[in-house]
file coords.cif (mmCIF, C-alpha atoms)
data_start
#
loop_
_atom_site.group_PDB
_atom_site.id
_atom_site.type_symbol
_atom_site.label_atom_id
_atom_site.label_comp_id
_atom_site.auth_asym_id
_atom_site.auth_seq_id
_atom_site.Cartn_x
_atom_site.Cartn_y
_atom_site.Cartn_z
ATOM 1 C CA MET A 286 -3.311 4.279 -9.741
ATOM 2 C CA THR A 287 -6.378 5.866 -8.183
ATOM 3 C CA ALA A 288 -8.702 3.798 -6.019
ATOM 4 C CA ASN A 289 -12.020 5.397 -5.160
ATOM 5 C CA GLN A 290 -12.925 2.884 -2.499
ATOM 6 C CA THR A 291 -14.600 3.883 0.749
ATOM 7 C CA VAL A 292 -13.238 2.431 3.966
ATOM 8 C CA GLY A 293 -14.794 3.357 7.280
ATOM 9 C CA GLN A 294 -12.942 4.474 10.377
ATOM 10 C CA TRP A 295 -10.756 1.644 11.715
ATOM 11 C CA GLY A 296 -11.477 -0.441 8.584
ATOM 12 C CA ILE A 297 -8.549 -1.820 6.595
ATOM 13 C CA PHE A 298 -7.786 -0.785 3.027
ATOM 14 C CA GLU A 299 -5.351 -3.079 1.226
ATOM 15 C CA VAL A 300 -3.888 -3.028 -2.264
ATOM 16 C CA THR A 301 -2.036 -6.065 -3.615
ATOM 17 C CA LEU A 302 0.303 -5.739 -6.584
ATOM 18 C CA ARG A 303 2.230 -8.441 -8.441
ATOM 19 C CA GLY A 304 5.866 -7.854 -9.236
ATOM 20 C CA SER A 305 9.260 -9.430 -9.486
ATOM 21 C CA ALA A 306 10.610 -11.627 -6.730
ATOM 22 C CA ALA A 307 14.103 -11.598 -8.275
ATOM 23 C CA GLY A 308 17.024 -10.237 -6.323
ATOM 24 C CA ASN A 309 16.180 -9.085 -2.807
ATOM 25 C CA PRO A 310 12.782 -7.343 -2.962
ATOM 26 C CA PHE A 311 12.952 -6.602 0.780
ATOM 27 C CA GLN A 312 15.928 -4.298 0.122
ATOM 28 C CA GLU A 313 15.716 -3.340 -3.558
ATOM 29 C CA VAL A 314 12.084 -2.227 -3.931
ATOM 30 C CA ARG A 315 10.568 0.831 -2.314
ATOM 31 C CA PHE A 316 7.074 2.161 -2.968
ATOM 32 C CA SER A 317 4.322 3.996 -1.159
ATOM 33 C CA ALA A 318 0.713 5.059 -1.488
ATOM 34 C CA THR A 319 -0.764 8.435 -0.632
ATOM 35 C CA PHE A 320 -4.198 8.544 0.972
ATOM 36 C CA ALA A 321 -6.175 11.778 0.971
ATOM 37 C CA HIS A 322 -9.364 12.895 2.692
ATOM 38 C CA LYS A 323 -10.486 16.494 2.835
ATOM 39 C CA HIS A 324 -7.374 18.511 3.820
ATOM 40 C CA ARG A 325 -5.291 15.605 5.118
ATOM 41 C CA THR A 326 -2.881 13.360 3.214
ATOM 42 C CA ILE A 327 -0.927 10.412 4.564
ATOM 43 C CA ALA A 328 1.877 8.523 2.799
ATOM 44 C CA VAL A 329 2.080 4.820 3.674
ATOM 45 C CA ASP A 330 5.049 2.642 2.749
ATOM 46 C CA GLY A 331 4.365 -0.594 0.927
ATOM 47 C CA PHE A 332 6.048 -3.901 1.671
ATOM 48 C CA TYR A 333 7.035 -7.147 -0.007
ATOM 49 C CA ASP A 334 4.872 -10.041 1.204
ATOM 50 C CA GLY A 335 6.594 -12.955 -0.553
ATOM 51 C CA ASP A 336 5.867 -14.917 -3.748
ATOM 52 C CA GLY A 337 6.070 -11.784 -5.918
ATOM 53 C CA LEU A 338 3.316 -9.957 -3.967
ATOM 54 C CA TYR A 339 3.646 -6.367 -2.788
ATOM 55 C CA ARG A 340 1.081 -4.777 -0.473
ATOM 56 C CA VAL A 341 0.030 -1.483 1.030
ATOM 57 C CA ARG A 342 -2.274 -1.480 4.065
ATOM 58 C CA PHE A 343 -3.940 1.518 5.630
ATOM 59 C CA MET A 344 -6.392 1.975 8.499
ATOM 60 C CA PRO A 345 -8.187 5.352 8.662
ATOM 61 C CA ASP A 346 -8.453 6.857 12.132
#
call {"tool": "encode", "arguments": {"input": "coords.cif", "output": "structure tokens"}}
result
Amino acid sequence: MTANQTVGQWGIFEVTLRGSAAGNPFQEVRFSATFAHKHRTIAVDGFYDGDGLYRVRFMPD
């Protein structure tokens, strides 16, 4: 997935994905997002937020 959304410094970028809540999603699911700007890239781990929702949040500095 590519998101070409602009978020200003100290703003919050959030992606919400729907997925399975079966099993133990806190332990059994791992995912991340990579954010890039100019010559810098940052990998941010996602997390399970309950009710089959998975999120990634990032705040540019």
call {"tool": "closest_residue", "arguments": {"input": "coords.cif", "among": "A:Gly296, A:Arg303, A:Gly308, A:Asn289", "to": "Phe320 (chain A)", "atoms": "only C-alpha atoms"}}
result
A:Asn289
call {"tool": "resolve_selection", "arguments": {"input": "coords.cif", "expression": "the PyMOL selection byres ((chain A and resi 301) around 9)", "output": "PyMOL selection string"}}
result
chain A and resi 299-300+302-303+338-342
call {"tool": "residues_around", "arguments": {"input": "coords.cif", "residues": "region 321-324 of chain A", "least_positions_apart": "5", "cutoff": "12 Å", "atoms": "all atoms listed in the file", "output": "JSON, numbers by chain"}}
result
{"A": [287, 288, 289, 290, 291, 292, 293, 294, 329, 343, 345, 346]}
call {"tool": "atom_distance", "arguments": {"input": "coords.cif", "atom1": "CA of Asp336 (chain A)", "atom2": "CA of Ile297 (chain A)"}}
result
22.1 Å
call {"tool": "atom_distance", "arguments": {"input": "coords.cif", "atom1": "CA of Tyr333 (chain A)", "atom2": "CA of Val314 (chain A)"}}
result
8.1 Å
call {"tool": "resolve_selection", "arguments": {"input": "coords.cif", "expression": "the PyMOL selection byres ((chain A and resi 316) around 6)", "output": "list in words"}}
result
Arg315, Ser317 and Gly331 of chain A
call {"tool": "write_last_selection", "arguments": {"input": "coords.cif", "atoms": "C-alpha atoms", "output": "short mmCIF file (atom, residue, chain, number, x, y, z; two decimals), in the coordinates of the input"}}
result
data_model
loop_
_atom_site.label_atom_id
_atom_site.label_comp_id
_atom_site.auth_asym_id
_atom_site.auth_seq_id
_atom_site.Cartn_x
_atom_site.Cartn_y
_atom_site.Cartn_z
CA ARG A 315 10.57 0.83 -2.31
CA SER A 317 4.32 4.00 -1.16
CA GLY A 331 4.36 -0.59 0.93
#
call {"tool": "closest_residue", "arguments": {"input": "coords.cif", "among": "A:Phe311, A:Phe298, A:Met344, A:Thr319", "to": "Phe332 (chain A)", "atoms": "all atoms listed in the file"}}
result
A:Phe311
call {"tool": "axis_aligned_box", "arguments": {"input": "coords.cif", "around": "region 291-300 of chain A", "padding_each_side": "6 Å", "output": "lines of an AutoDock Vina configuration file"}}
result
center_x = -9.3
center_y = 0.7
center_z = 4.7
size_x = 22.9
size_y = 19.6
size_z = 26.0
call {"tool": "build_atoms", "arguments": {"input": "coords.cif", "residues": "region 315-326 of chain A", "atoms": "N, CA and C atoms", "output": "mmCIF file, in the coordinates of the input"}}
result
data_model
loop_
_atom_site.group_PDB
_atom_site.id
_atom_site.type_symbol
_atom_site.label_atom_id
_atom_site.label_comp_id
_atom_site.auth_asym_id
_atom_site.auth_seq_id
_atom_site.Cartn_x
_atom_site.Cartn_y
_atom_site.Cartn_z
ATOM 1 N N ARG A 315 11.216 -0.110 -3.230
ATOM 2 C CA ARG A 315 10.568 0.831 -2.314
ATOM 3 C C ARG A 315 9.392 1.458 -3.049
ATOM 4 N N PHE A 316 8.242 1.505 -2.394
ATOM 5 C CA PHE A 316 7.074 2.161 -2.968
ATOM 6 C C PHE A 316 6.155 2.593 -1.842
ATOM 7 N N SER A 317 5.264 3.510 -2.164
ATOM 8 C CA SER A 317 4.322 3.996 -1.159
ATOM 9 C C SER A 317 3.018 4.382 -1.837
ATOM 10 N N ALA A 318 2.015 4.583 -1.014
ATOM 11 C CA ALA A 318 0.713 5.059 -1.488
ATOM 12 C C ALA A 318 0.360 6.297 -0.679
ATOM 13 N N THR A 319 -0.323 7.228 -1.315
ATOM 14 C CA THR A 319 -0.764 8.435 -0.632
ATOM 15 C C THR A 319 -2.277 8.410 -0.521
ATOM 16 N N PHE A 320 -2.765 8.541 0.699
ATOM 17 C CA PHE A 320 -4.198 8.544 0.972
ATOM 18 C C PHE A 320 -4.603 9.965 1.323
ATOM 19 N N ALA A 321 -5.723 10.406 0.753
ATOM 20 C CA ALA A 321 -6.175 11.778 0.971
ATOM 21 C C ALA A 321 -7.647 11.798 1.342
ATOM 22 N N HIS A 322 -7.971 12.670 2.296
ATOM 23 C CA HIS A 322 -9.364 12.895 2.692
ATOM 24 C C HIS A 322 -9.467 14.330 3.177
ATOM 25 N N LYS A 323 -10.323 15.067 2.545
ATOM 26 C CA LYS A 323 -10.486 16.494 2.835
ATOM 27 C C LYS A 323 -9.133 17.189 2.748
ATOM 28 N N HIS A 324 -8.630 17.746 3.850
ATOM 29 C CA HIS A 324 -7.374 18.511 3.820
ATOM 30 C C HIS A 324 -6.199 17.726 4.397
ATOM 31 N N ARG A 325 -6.341 16.428 4.508
ATOM 32 C CA ARG A 325 -5.291 15.605 5.118
ATOM 33 C C ARG A 325 -4.782 14.569 4.120
ATOM 34 N N THR A 326 -3.475 14.417 4.038
ATOM 35 C CA THR A 326 -2.881 13.360 3.214
ATOM 36 C C THR A 326 -1.884 12.585 4.071
#
